[in-house]
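Here's the structure, in structure tokens; my notes come after.
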Amino acid sequence: IYELFKDFKYVIPQGSPMSGIGNPYQTQSISNCFVIQSPYDSYGGILKADQELVQIAKRRGGVGFDISTIRPKGQSTGNCARTTDGIEVFMDRFSNSCREVAQGGRRGALMLTISVHHPQIRDFIKIKKDLCRVTGANISIRLSNEFLNAVRDNTEFQLRFPVDSSDPGISEMIPATDLWNEIIETAHACAEPGLLFWDNAIQNTPSDIYREFGFESTSTNPCGEIILSPGDSCRLMVINLLSFIDDPFTKNARFNYDKMSEVTQKAQRLMDDMIDLELEQIEKIIAKIDLDPEPDEVKQIEKNLWLDIETMARLGRRTGLGVTAVGDALAALGITYGSDESIKVVEKLYMTLAVNAYRSSCILAKERGAFEVHNHDLERDHPFLTRIWNAAPDVYEMSKKFGRRNIALTTTAPAGSVSVLTQTTSGIEPAYLLKYTRRKKINQEIESNARVDFVDDSGDSWQEYDVYHHGFKKWMETTGLTDSDKSPYSGATSSDIDWVQKIKLQAAAQKWVCHAISNTTNVPADTDVDTVKKIYMAGWESGCKGVTVYRDGSRAGVLVSSTDCDDNNETKFEMHDAPTRPPELSCSIHHTTIQGEAWTILVGLMDGRPYEVMGGLQKYIEI
């Protein structure tokens, strides 16, 4: 095990496992990802969900849940309010709860999802246009094939509540393309909401075979790569692909698939061991709850939550084994990320991961027993499992005879912090830039004297420092060359890659991933809305479970091009001629906090595009 972990060379636990395993100083979960029950449609149900996300966040877990169960605004109630508030006020509540929970210098992580059929979908789409709202959560829409087919065919689709009802109490038919335009225009402007192709996800996630046992997927973790059922959790670990290349950055470079197969099988075994470590942690959490001085009625929701998590972990033994350094591995082989050759190689890499993870899980089932609800007959003809079995008939034979140890196995998570440890590209992503400025969040309670270079829209402080990409430095050391245009990274950084090829690459990997993939399609600032529509539609049609598009400049980020600032850290602007201002302009209205005071910002729009910006203290502006 030590040789696998040493120098972050082969196997790296991510986040919570790295923080919690062998740590006697705090009582925490070693699971990265949780999904909790969608709120029951009552104040009690909403408060229960609010408490559960806080209880998980304080143990270092990221939380996701779906809010499609909350009645739309204006419906009758039996209390003195008389009508419902709808989703928005509760989205603010959940977001604020997440932001208030400290996790040793970092804040909680939350994903809120909603069905595209919910009658308040438009309010969900636009809520984050206000820069002061829902700052503590990512938001994503569960898009159904029903909706996406209606978009493609330019027909109507149904808004309804309940969203999964065949005889809903609330129903409205609207043009699908109108709503699609609203979704994409907002994603184009602010990189949210994210889009989840929910039927693709459900049909190709093997745990959903066992929905009658509680494994029906309802939402995702905060970064969208783990699709989960209520009460279930997952732990993350990655394999460093760069370590399997012999003679990297030379003409003799080759990928050692045999070595990767060996390490993958060992890593899956470690992932199964990690479930038992998590069950031990849950026992400690429950013991601490029992010893806490609060009355039992105060502690009951927290205790029941961890008992449910323990049950689901035992029943399914879910794992999240992935890879990192895809971008560097391709460059070390002399292959340009995004090329047709790279797509073929990426698919082979992910097939190697999947086949050997499943092979290992079947061997573990023979040794230790299958996950408790395993039933081979239920799994017949499942599209994802059939793909694995066709590629590796020995895995099929073992699965039929012994079952497998884990209900679902593989993913590709973001690996930002891990990539700093491994000094490689992150997850499935290419190199972001060959030189860039990185932002590190400052915990002002601990680092009160730290230099603050940047304050984001949420009021969080960041420090900036320059970084040269390690793979590029390795290439220069190996070849003696310095011209980036001659390197295998040329034309292959995140802003260079053609989006069509990026989607094809993600789809090739998704064929062999039983959860999902966290992957960002980066596009230039001048990318138009129609192009973003094409990207999302291509993602759905190619079998991806979700797609994220980031248009440069649409959100304050952690990595910043070093060319964005001059030597004095002053932002550079390019001047352009503008048409004469008409007497009146429509505008979008934003609210933010600047140095502790509330401001209102007005963005004047001409032909739907920003023309001018003005603002002032909120108390002086009447809207």
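Going through the structure tokens in order, the chains are called A, B, and so on, while each chain numbers its residues from 1 and the ligands are numbered from 1 in the order shown.
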
Report as a VMD selection string all protein, DNA and RNA residues lying within 8 Å of stretch 302-304 of chain A, evaluated on only C-alpha atoms, omitting residues in the same chain fewer than 2 positions from it. chain A and resid 51 to 52 55 286 289 299 to 300 306 to 308

Env of stretch 359-370 of chain A: 12 Å cut, atoms = only C-alpha atoms, seq-sep filter 5 positions within chain, self excluded. Answer as a short mmCIF file (atom, residue, chain, number, x, y, z; two decimals) with all heavy atoms, in the first residue's frame.
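Below is the file that was written, part-v9.cif:
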data_model
loop_
_atom_site.label_atom_id
_atom_site.label_comp_id
_atom_site.auth_asym_id
_atom_site.auth_seq_id
_atom_site.Cartn_x
_atom_site.Cartn_y
_atom_site.Cartn_z
N SER A 261 -3.39 -1.98 -15.30
CA SER A 261 -4.36 -3.02 -14.93
C SER A 261 -4.07 -3.55 -13.53
O SER A 261 -4.98 -3.72 -12.70
CB SER A 261 -4.32 -4.17 -15.94
OG SER A 261 -4.65 -3.72 -17.23
N GLU A 262 -2.80 -3.79 -13.26
CA GLU A 262 -2.40 -4.30 -11.94
C GLU A 262 -2.74 -3.30 -10.84
O GLU A 262 -3.32 -3.66 -9.80
CB GLU A 262 -0.89 -4.57 -11.95
CG GLU A 262 -0.31 -4.95 -10.61
CD GLU A 262 1.21 -4.87 -10.60
OE1 GLU A 262 1.83 -4.94 -11.69
OE2 GLU A 262 1.78 -4.72 -9.49
N VAL A 263 -2.39 -2.03 -11.06
CA VAL A 263 -2.63 -1.00 -10.04
C VAL A 263 -4.13 -0.76 -9.86
O VAL A 263 -4.60 -0.55 -8.74
CB VAL A 263 -1.88 0.30 -10.41
CG1 VAL A 263 -2.33 1.45 -9.51
CG2 VAL A 263 -0.38 0.09 -10.30
N THR A 264 -4.89 -0.78 -10.95
CA THR A 264 -6.34 -0.57 -10.85
C THR A 264 -6.98 -1.64 -9.97
O THR A 264 -7.84 -1.34 -9.13
CB THR A 264 -6.98 -0.59 -12.25
OG1 THR A 264 -6.43 0.48 -13.03
CG2 THR A 264 -8.49 -0.42 -12.16
N GLN A 265 -6.59 -2.89 -10.14
CA GLN A 265 -7.17 -3.96 -9.32
C GLN A 265 -6.82 -3.76 -7.85
O GLN A 265 -7.66 -3.98 -6.96
CB GLN A 265 -6.69 -5.32 -9.83
CG GLN A 265 -7.27 -5.67 -11.19
CD GLN A 265 -6.89 -7.07 -11.66
OE1 GLN A 265 -6.92 -8.01 -10.88
NE2 GLN A 265 -6.55 -7.21 -12.93
N LYS A 266 -5.60 -3.34 -7.56
CA LYS A 266 -5.22 -3.07 -6.18
C LYS A 266 -5.97 -1.85 -5.64
O LYS A 266 -6.40 -1.84 -4.48
CB LYS A 266 -3.71 -2.84 -6.09
CG LYS A 266 -2.88 -4.09 -6.35
CD LYS A 266 -1.39 -3.79 -6.30
CE LYS A 266 -0.57 -5.05 -6.54
NZ LYS A 266 0.89 -4.77 -6.53
N ALA A 267 -6.13 -0.84 -6.47
CA ALA A 267 -6.82 0.37 -6.03
C ALA A 267 -8.29 0.08 -5.70
O ALA A 267 -8.84 0.61 -4.73
CB ALA A 267 -6.72 1.45 -7.10
N GLN A 268 -8.94 -0.76 -6.51
CA GLN A 268 -10.32 -1.11 -6.22
C GLN A 268 -10.42 -1.88 -4.91
O GLN A 268 -11.37 -1.70 -4.13
CB GLN A 268 -10.92 -1.93 -7.37
CG GLN A 268 -12.40 -2.29 -7.19
CD GLN A 268 -13.29 -1.08 -7.06
OE1 GLN A 268 -13.04 -0.03 -7.66
NE2 GLN A 268 -14.37 -1.20 -6.28
N ARG A 269 -9.45 -2.71 -4.63
CA ARG A 269 -9.41 -3.42 -3.34
C ARG A 269 -9.28 -2.41 -2.19
O ARG A 269 -9.95 -2.52 -1.16
CB ARG A 269 -8.24 -4.40 -3.33
CG ARG A 269 -8.09 -5.24 -2.07
CD ARG A 269 -7.00 -6.27 -2.24
NE ARG A 269 -7.41 -7.33 -3.15
CZ ARG A 269 -7.96 -8.48 -2.76
NH1 ARG A 269 -8.16 -8.73 -1.49
NH2 ARG A 269 -8.31 -9.39 -3.65
N LEU A 270 -8.42 -1.41 -2.38
CA LEU A 270 -8.29 -0.36 -1.37
C LEU A 270 -9.59 0.42 -1.20
O LEU A 270 -9.95 0.81 -0.09
CB LEU A 270 -7.15 0.60 -1.74
CG LEU A 270 -5.73 0.04 -1.67
CD1 LEU A 270 -4.74 1.07 -2.19
CD2 LEU A 270 -5.39 -0.36 -0.24
N MET A 271 -10.27 0.63 -2.29
CA MET A 271 -11.54 1.35 -2.21
C MET A 271 -12.57 0.56 -1.41
O MET A 271 -13.35 1.13 -0.64
CB MET A 271 -12.09 1.64 -3.61
CG MET A 271 -11.27 2.64 -4.38
SD MET A 271 -12.24 4.00 -5.04
CE MET A 271 -12.78 4.84 -3.57
N ASP A 272 -12.58 -0.75 -1.57
CA ASP A 272 -13.49 -1.57 -0.77
C ASP A 272 -13.09 -1.55 0.70
O ASP A 272 -13.95 -1.49 1.58
CB ASP A 272 -13.52 -3.00 -1.31
CG ASP A 272 -14.63 -3.82 -0.67
OD1 ASP A 272 -15.81 -3.49 -0.90
OD2 ASP A 272 -14.31 -4.76 0.08
N ASP A 273 -11.79 -1.59 0.96
CA ASP A 273 -11.33 -1.45 2.35
C ASP A 273 -11.78 -0.12 2.94
O ASP A 273 -12.11 -0.02 4.13
CB ASP A 273 -9.80 -1.52 2.41
CG ASP A 273 -9.25 -2.90 2.05
OD1 ASP A 273 -10.02 -3.88 2.12
OD2 ASP A 273 -8.07 -2.99 1.70
N ARG A 314 -23.49 -0.16 3.73
CA ARG A 314 -23.37 -1.61 3.88
C ARG A 314 -24.06 -2.35 2.74
O ARG A 314 -23.54 -3.33 2.22
CB ARG A 314 -23.99 -2.06 5.22
CG ARG A 314 -23.18 -1.67 6.44
CD ARG A 314 -23.77 -2.33 7.69
NE ARG A 314 -23.10 -1.86 8.89
CZ ARG A 314 -21.94 -2.32 9.34
NH1 ARG A 314 -21.30 -3.27 8.67
NH2 ARG A 314 -21.40 -1.83 10.45
N LEU A 315 -25.23 -1.87 2.35
CA LEU A 315 -26.01 -2.57 1.32
C LEU A 315 -25.32 -2.51 -0.05
O LEU A 315 -25.31 -3.50 -0.78
CB LEU A 315 -27.41 -1.97 1.21
CG LEU A 315 -28.43 -2.31 2.29
CD1 LEU A 315 -29.74 -1.59 2.02
CD2 LEU A 315 -28.67 -3.83 2.34
N GLY A 316 -24.79 -1.36 -0.41
CA GLY A 316 -24.28 -1.18 -1.77
C GLY A 316 -22.77 -1.16 -1.90
O GLY A 316 -22.24 -1.48 -2.96
N ARG A 317 -22.06 -0.76 -0.85
CA ARG A 317 -20.60 -0.69 -0.89
C ARG A 317 -20.11 0.05 -2.15
O ARG A 317 -19.26 -0.43 -2.89
CB ARG A 317 -19.97 -2.07 -0.77
CG ARG A 317 -20.41 -2.85 0.48
CD ARG A 317 -19.61 -4.11 0.68
NE ARG A 317 -18.20 -3.81 0.94
CZ ARG A 317 -17.68 -3.55 2.15
NH1 ARG A 317 -18.47 -3.53 3.22
NH2 ARG A 317 -16.40 -3.29 2.30
N ARG A 318 -20.64 1.21 -2.35
CA ARG A 318 -20.35 2.01 -3.54
C ARG A 318 -18.93 2.59 -3.48
O ARG A 318 -18.46 3.00 -2.42
CB ARG A 318 -21.36 3.14 -3.66
CG ARG A 318 -21.31 3.92 -4.96
CD ARG A 318 -22.22 5.13 -4.89
NE ARG A 318 -23.62 4.79 -4.72
CZ ARG A 318 -24.49 4.68 -5.72
NH1 ARG A 318 -24.08 4.85 -6.97
NH2 ARG A 318 -25.76 4.40 -5.48
N THR A 319 -18.25 2.63 -4.62
CA THR A 319 -16.92 3.23 -4.69
C THR A 319 -16.85 4.26 -5.82
O THR A 319 -17.68 4.25 -6.73
CB THR A 319 -15.81 2.18 -4.90
OG1 THR A 319 -15.94 1.61 -6.21
CG2 THR A 319 -15.88 1.09 -3.85
N LEU A 321 -13.78 5.17 -7.93
CA LEU A 321 -12.40 5.08 -8.43
C LEU A 321 -12.30 5.81 -9.77
O LEU A 321 -13.09 5.55 -10.68
CB LEU A 321 -11.98 3.62 -8.58
CG LEU A 321 -10.55 3.37 -9.05
CD1 LEU A 321 -9.54 3.93 -8.06
CD2 LEU A 321 -10.31 1.88 -9.29
N MET A 351 -11.46 2.16 -20.62
CA MET A 351 -11.85 0.76 -20.69
C MET A 351 -10.96 -0.08 -19.77
O MET A 351 -11.44 -0.97 -19.07
CB MET A 351 -11.76 0.24 -22.12
CG MET A 351 -12.20 -1.22 -22.27
SD MET A 351 -12.12 -1.84 -23.97
CE MET A 351 -10.34 -1.91 -24.19
N THR A 352 -9.67 0.24 -19.76
CA THR A 352 -8.74 -0.47 -18.87
C THR A 352 -9.12 -0.26 -17.41
O THR A 352 -9.12 -1.20 -16.60
CB THR A 352 -7.30 0.01 -19.12
OG1 THR A 352 -6.97 -0.19 -20.50
CG2 THR A 352 -6.31 -0.75 -18.25
N LEU A 353 -9.47 0.97 -17.06
CA LEU A 353 -9.93 1.27 -15.71
C LEU A 353 -11.17 0.47 -15.36
O LEU A 353 -11.24 -0.21 -14.32
CB LEU A 353 -10.22 2.77 -15.57
CG LEU A 353 -10.85 3.20 -14.24
CD1 LEU A 353 -9.81 3.25 -13.14
CD2 LEU A 353 -11.54 4.56 -14.39
N ALA A 354 -12.18 0.51 -16.23
CA ALA A 354 -13.47 -0.11 -15.94
C ALA A 354 -13.34 -1.63 -15.82
O ALA A 354 -13.82 -2.25 -14.85
CB ALA A 354 -14.48 0.25 -17.02
N ASN A 375 -28.17 -9.17 -7.44
CA ASN A 375 -29.00 -10.18 -8.10
C ASN A 375 -28.62 -10.17 -9.59
O ASN A 375 -28.95 -9.22 -10.30
CB ASN A 375 -30.49 -9.86 -7.92
CG ASN A 375 -31.39 -10.92 -8.51
OD1 ASN A 375 -31.07 -11.55 -9.51
ND2 ASN A 375 -32.55 -11.11 -7.90
N HIS A 376 -27.95 -11.20 -10.03
CA HIS A 376 -27.45 -11.23 -11.41
C HIS A 376 -28.60 -11.17 -12.41
O HIS A 376 -28.46 -10.56 -13.48
CB HIS A 376 -26.61 -12.49 -11.65
CG HIS A 376 -26.03 -12.56 -13.03
ND1 HIS A 376 -24.96 -11.79 -13.43
CD2 HIS A 376 -26.38 -13.31 -14.11
CE1 HIS A 376 -24.68 -12.05 -14.69
NE2 HIS A 376 -25.52 -12.97 -15.13
N ILE A 388 -19.17 -3.92 -20.33
CA ILE A 388 -18.05 -4.46 -19.55
C ILE A 388 -17.88 -5.95 -19.84
O ILE A 388 -16.77 -6.44 -20.10
CB ILE A 388 -18.28 -4.25 -18.04
CG1 ILE A 388 -18.40 -2.77 -17.70
CG2 ILE A 388 -17.19 -4.94 -17.22
CD1 ILE A 388 -17.12 -2.01 -17.71
N TRP A 389 -18.98 -6.67 -19.80
CA TRP A 389 -18.93 -8.13 -19.96
C TRP A 389 -18.47 -8.53 -21.35
O TRP A 389 -17.77 -9.53 -21.53
CB TRP A 389 -20.29 -8.73 -19.65
CG TRP A 389 -20.70 -8.55 -18.20
CD1 TRP A 389 -19.88 -8.38 -17.14
CD2 TRP A 389 -22.03 -8.54 -17.69
NE1 TRP A 389 -20.61 -8.26 -15.98
CE2 TRP A 389 -21.94 -8.35 -16.28
CE3 TRP A 389 -23.29 -8.67 -18.25
CZ2 TRP A 389 -23.06 -8.28 -15.45
CZ3 TRP A 389 -24.41 -8.60 -17.44
CH2 TRP A 389 -24.29 -8.41 -16.05
N ALA A 391 -16.43 -6.83 -23.19
CA ALA A 391 -15.00 -6.55 -23.27
C ALA A 391 -14.17 -7.54 -22.47
O ALA A 391 -12.99 -7.77 -22.79
CB ALA A 391 -14.72 -5.12 -22.76
N ALA A 392 -14.77 -8.12 -21.44
CA ALA A 392 -14.02 -9.04 -20.56
C ALA A 392 -14.93 -10.20 -20.15
O ALA A 392 -15.56 -10.16 -19.09
CB ALA A 392 -13.52 -8.29 -19.33
N PRO A 393 -15.02 -11.25 -20.97
CA PRO A 393 -15.89 -12.38 -20.66
C PRO A 393 -15.59 -13.03 -19.31
O PRO A 393 -16.50 -13.57 -18.66
CB PRO A 393 -15.63 -13.36 -21.82
CG PRO A 393 -15.19 -12.48 -22.95
CD PRO A 393 -14.41 -11.38 -22.31
N ASP A 394 -14.34 -12.97 -18.85
CA ASP A 394 -14.02 -13.56 -17.54
C ASP A 394 -14.74 -12.82 -16.41
O ASP A 394 -15.13 -13.41 -15.41
CB ASP A 394 -12.51 -13.55 -17.31
CG ASP A 394 -11.95 -12.15 -17.19
OD1 ASP A 394 -12.15 -11.34 -18.12
OD2 ASP A 394 -11.29 -11.85 -16.17
N VAL A 395 -14.92 -11.51 -16.60
CA VAL A 395 -15.64 -10.72 -15.59
C VAL A 395 -17.10 -11.14 -15.57
O VAL A 395 -17.72 -11.25 -14.50
CB VAL A 395 -15.50 -9.21 -15.88
CG1 VAL A 395 -16.35 -8.39 -14.91
CG2 VAL A 395 -14.03 -8.78 -15.79
N TYR A 396 -17.66 -11.39 -16.74
CA TYR A 396 -19.04 -11.86 -16.80
C TYR A 396 -19.20 -13.19 -16.07
O TYR A 396 -20.14 -13.36 -15.27
CB TYR A 396 -19.49 -12.01 -18.25
CG TYR A 396 -20.85 -12.67 -18.39
CD1 TYR A 396 -22.01 -11.95 -18.12
CD2 TYR A 396 -20.96 -14.01 -18.77
CE1 TYR A 396 -23.26 -12.56 -18.22
CE2 TYR A 396 -22.20 -14.61 -18.87
CZ TYR A 396 -23.35 -13.88 -18.59
OH TYR A 396 -24.58 -14.50 -18.68
N GLU A 397 -18.30 -14.10 -16.31
CA GLU A 397 -18.41 -15.42 -15.67
C GLU A 397 -18.29 -15.31 -14.16
O GLU A 397 -19.03 -15.95 -13.41
CB GLU A 397 -17.35 -16.37 -16.24
CG GLU A 397 -17.55 -16.72 -17.71
CD GLU A 397 -18.89 -17.42 -17.97
OE1 GLU A 397 -19.36 -18.16 -17.09
OE2 GLU A 397 -19.44 -17.22 -19.07
N MET A 398 -17.36 -14.49 -13.70
CA MET A 398 -17.22 -14.30 -12.26
C MET A 398 -18.44 -13.61 -11.67
O MET A 398 -18.90 -13.95 -10.57
CB MET A 398 -15.95 -13.50 -11.95
CG MET A 398 -14.67 -14.28 -12.06
SD MET A 398 -13.25 -13.39 -11.35
CE MET A 398 -13.07 -12.05 -12.51
N SER A 399 -18.96 -12.61 -12.40
CA SER A 399 -20.12 -11.88 -11.91
C SER A 399 -21.33 -12.80 -11.77
O SER A 399 -22.08 -12.74 -10.80
CB SER A 399 -20.44 -10.71 -12.84
OG SER A 399 -21.55 -9.98 -12.39
N LYS A 400 -21.49 -13.66 -12.77
CA LYS A 400 -22.63 -14.60 -12.74
C LYS A 400 -22.49 -15.59 -11.58
O LYS A 400 -23.47 -15.94 -10.92
CB LYS A 400 -22.69 -15.35 -14.08
CG LYS A 400 -23.90 -16.27 -14.20
CD LYS A 400 -24.06 -16.79 -15.63
CE LYS A 400 -22.87 -17.61 -16.07
NZ LYS A 400 -23.10 -18.25 -17.39
N LYS A 401 -21.26 -15.99 -11.28
CA LYS A 401 -21.05 -17.00 -10.25
C LYS A 401 -20.95 -16.41 -8.85
O LYS A 401 -21.52 -16.95 -7.89
CB LYS A 401 -19.77 -17.78 -10.57
CG LYS A 401 -19.52 -18.97 -9.65
CD LYS A 401 -18.32 -19.78 -10.13
CE LYS A 401 -18.10 -21.00 -9.24
NZ LYS A 401 -16.94 -21.81 -9.72
N PHE A 402 -20.22 -15.29 -8.72
CA PHE A 402 -19.94 -14.75 -7.38
C PHE A 402 -20.61 -13.39 -7.13
O PHE A 402 -20.65 -12.95 -5.98
CB PHE A 402 -18.43 -14.58 -7.18
CG PHE A 402 -17.64 -15.83 -7.41
CD1 PHE A 402 -16.78 -15.94 -8.48
CD2 PHE A 402 -17.78 -16.91 -6.54
CE1 PHE A 402 -16.05 -17.10 -8.70
CE2 PHE A 402 -17.05 -18.08 -6.75
CZ PHE A 402 -16.18 -18.17 -7.83
N GLY A 403 -21.12 -12.76 -8.19
CA GLY A 403 -21.57 -11.39 -8.05
C GLY A 403 -20.38 -10.45 -8.04
O GLY A 403 -19.28 -10.80 -8.47
N ARG A 404 -20.59 -9.23 -7.59
CA ARG A 404 -19.46 -8.30 -7.40
C ARG A 404 -19.61 -7.65 -6.03
O ARG A 404 -20.68 -7.64 -5.44
CB ARG A 404 -19.38 -7.26 -8.52
CG ARG A 404 -20.55 -6.31 -8.61
CD ARG A 404 -20.33 -5.30 -9.76
NE ARG A 404 -21.42 -4.35 -9.82
CZ ARG A 404 -22.60 -4.60 -10.40
NH1 ARG A 404 -22.80 -5.76 -11.01
NH2 ARG A 404 -23.55 -3.69 -10.39
N ARG A 405 -18.55 -7.09 -5.57
CA ARG A 405 -18.50 -6.58 -4.21
C ARG A 405 -19.17 -5.21 -4.07
O ARG A 405 -19.63 -4.84 -2.99
CB ARG A 405 -17.04 -6.48 -3.78
CG ARG A 405 -16.79 -6.00 -2.37
CD ARG A 405 -17.24 -6.99 -1.34
NE ARG A 405 -16.78 -6.62 0.00
CZ ARG A 405 -17.29 -7.13 1.12
NH1 ARG A 405 -18.28 -8.01 1.06
NH2 ARG A 405 -16.82 -6.76 2.29
N ASN A 406 -19.23 -4.44 -5.19
CA ASN A 406 -19.64 -3.03 -5.12
C ASN A 406 -20.72 -2.73 -6.15
O ASN A 406 -20.61 -3.13 -7.31
CB ASN A 406 -18.42 -2.13 -5.35
CG ASN A 406 -17.21 -2.61 -4.56
OD1 ASN A 406 -16.33 -3.27 -5.13
ND2 ASN A 406 -17.17 -2.33 -3.27
N ILE A 407 -21.73 -1.98 -5.74
CA ILE A 407 -22.90 -1.75 -6.60
C ILE A 407 -22.56 -0.87 -7.81
O ILE A 407 -23.12 -1.04 -8.88
CB ILE A 407 -24.05 -1.16 -5.77
CG1 ILE A 407 -25.38 -1.26 -6.54
CG2 ILE A 407 -23.76 0.27 -5.34
CD1 ILE A 407 -26.60 -0.95 -5.69
N ALA A 408 -21.66 0.09 -7.63
CA ALA A 408 -21.17 0.94 -8.71
C ALA A 408 -19.76 1.36 -8.34
O ALA A 408 -19.44 1.51 -7.16
CB ALA A 408 -22.07 2.16 -8.92
N LEU A 409 -18.89 1.56 -9.34
CA LEU A 409 -17.46 1.58 -9.04
C LEU A 409 -16.70 2.83 -9.47
O LEU A 409 -15.85 3.30 -8.73
CB LEU A 409 -16.79 0.37 -9.72
CG LEU A 409 -16.94 -1.00 -9.06
CD1 LEU A 409 -18.36 -1.54 -9.21
CD2 LEU A 409 -15.94 -1.97 -9.67
N THR A 410 -16.95 3.34 -10.67
CA THR A 410 -16.00 4.28 -11.27
C THR A 410 -16.61 5.66 -11.50
O THR A 410 -17.82 5.81 -11.63
CB THR A 410 -15.46 3.74 -12.60
OG1 THR A 410 -16.57 3.47 -13.48
CG2 THR A 410 -14.67 2.47 -12.39
#

As a list in words, please: the residues near stretch 16-24 of chain A (cut-off 8 Å, only C-alpha atoms, same-chain neighbours under 6 positions excluded). Ile30, Ser31, Asn32, Arg60, Gly61, Arg235, Leu236 and Leu277 of chain A

Spatial neighbours of A:Thr478, max dist 8 Å, only C-alpha atoms, sep filter under 2 positions, as an mmCIF file with N, CA and C atoms, in the first residue's frame:
data_model
loop_
_atom_site.group_PDB
_atom_site.id
_atom_site.type_symbol
_atom_site.label_atom_id
_atom_site.label_comp_id
_atom_site.auth_asym_id
_atom_site.auth_seq_id
_atom_site.Cartn_x
_atom_site.Cartn_y
_atom_site.Cartn_z
ATOM 1 N N PHE A 249 7.630 11.873 -23.000
ATOM 2 C CA PHE A 249 8.085 13.036 -23.769
ATOM 3 C C PHE A 249 9.258 12.706 -24.699
ATOM 4 N N THR A 250 9.359 11.430 -25.085
ATOM 5 C CA THR A 250 10.358 11.029 -26.078
ATOM 6 C C THR A 250 9.658 10.295 -27.215
ATOM 7 N N LYS A 474 8.634 19.555 -17.598
ATOM 8 C CA LYS A 474 9.256 18.246 -17.816
ATOM 9 C C LYS A 474 9.614 18.059 -19.291
ATOM 10 N N TRP A 475 8.727 18.491 -20.183
ATOM 11 C CA TRP A 475 8.995 18.398 -21.612
ATOM 12 C C TRP A 475 10.241 19.209 -21.970
ATOM 13 N N MET A 476 10.354 20.422 -21.418
ATOM 14 C CA MET A 476 11.520 21.252 -21.709
ATOM 15 C C MET A 476 12.802 20.589 -21.201
ATOM 16 N N GLY A 480 15.170 19.648 -24.112
ATOM 17 C CA GLY A 480 16.072 20.783 -24.245
ATOM 18 C C GLY A 480 15.475 21.929 -25.032
#

Can you list every residue in stretch 205-358 of chain A that DSSP puts in strand (DSSP E), as a PyMOL selection string? chain A and resi 219-220+227-228+233-234+236-240+245-246+254-255+320-324

From A:Leu602, A:Leu421, A:Leu505, A:Leu481, residue lying nearest A:Gly327 [only C-alpha atoms]: A:Leu505

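By chain and then residue number, the residues within 8 Å of A:Ile139 are Met111, Leu112, Thr113, Ala137, Ile141, Glu192, Pro193 and Gly194 of chain A, counting only C-alpha atoms and disregarding those fewer than 2 positions away in sequence.
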
Counting only C-alpha atoms, the option among A:Tyr337, A:Phe94, A:Phe34, A:Tyr432 closest to A:Ile497: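 Ranked by minimum distance to A:Ile497, first place goes to A:Tyr337.
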
Quick one: distance from atom CA of A:Thr220 to atom CA of A:Ile202 in Å, one decimal? 11.6 Å

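Each of A:Ile56, A:Ala507, A:Ala525, A:Ile335 was checked against A:Ala492 using only C-alpha atoms; the smallest atom-to-atom distance is that of A:Ile335.
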
Minimum-distance residue to A:Val238, chosen among A:Gly338, A:Pro206, A:Pro162, A:Gly15 (using only C-alpha atoms):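 Of all the options, A:Gly15 lies closest to A:Val238.
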
Just want the 10 Å neighbourhood of A:Pro430, counted on only C-alpha atoms, with same-chain residues fewer than 2 positions away dropped. Output as a PyMOL selection string. chain A and resi 325-331+336-338+424-428+432-433+489+492-497+502+519-520

Across A:Glu597, A:Glu541, A:Glu212, A:Asp164, the smallest distance to A:Asn145, with only C-alpha atoms counted, is shown by A:Glu541

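If only C-alpha atoms are the atoms counted, then among A:Val345, A:Ile67, A:Val603, A:Ile1 the closest residue to A:Asp41 is A:Ile67.
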
Do a neighbour search on A:Leu53 at 12 Å with only C-alpha atoms, toss out local chain neighbours closer than 2 positions, and write the hits as number ranges by chain. A: 33-39, 46-51, 55-65, 93-101, 108-112, 137, 221-222, 231, 301-302, 305-306

Measure the distance from atom CA of A:Arg555 to atom CA of A:Cys190 in Å and round it to one decimal. 5.9 Å

For a test of reading the model, state the distance in Å between atom CA of A:Val346 and atom CA of A:Ala187, rounded to one decimal. 27.6 Å
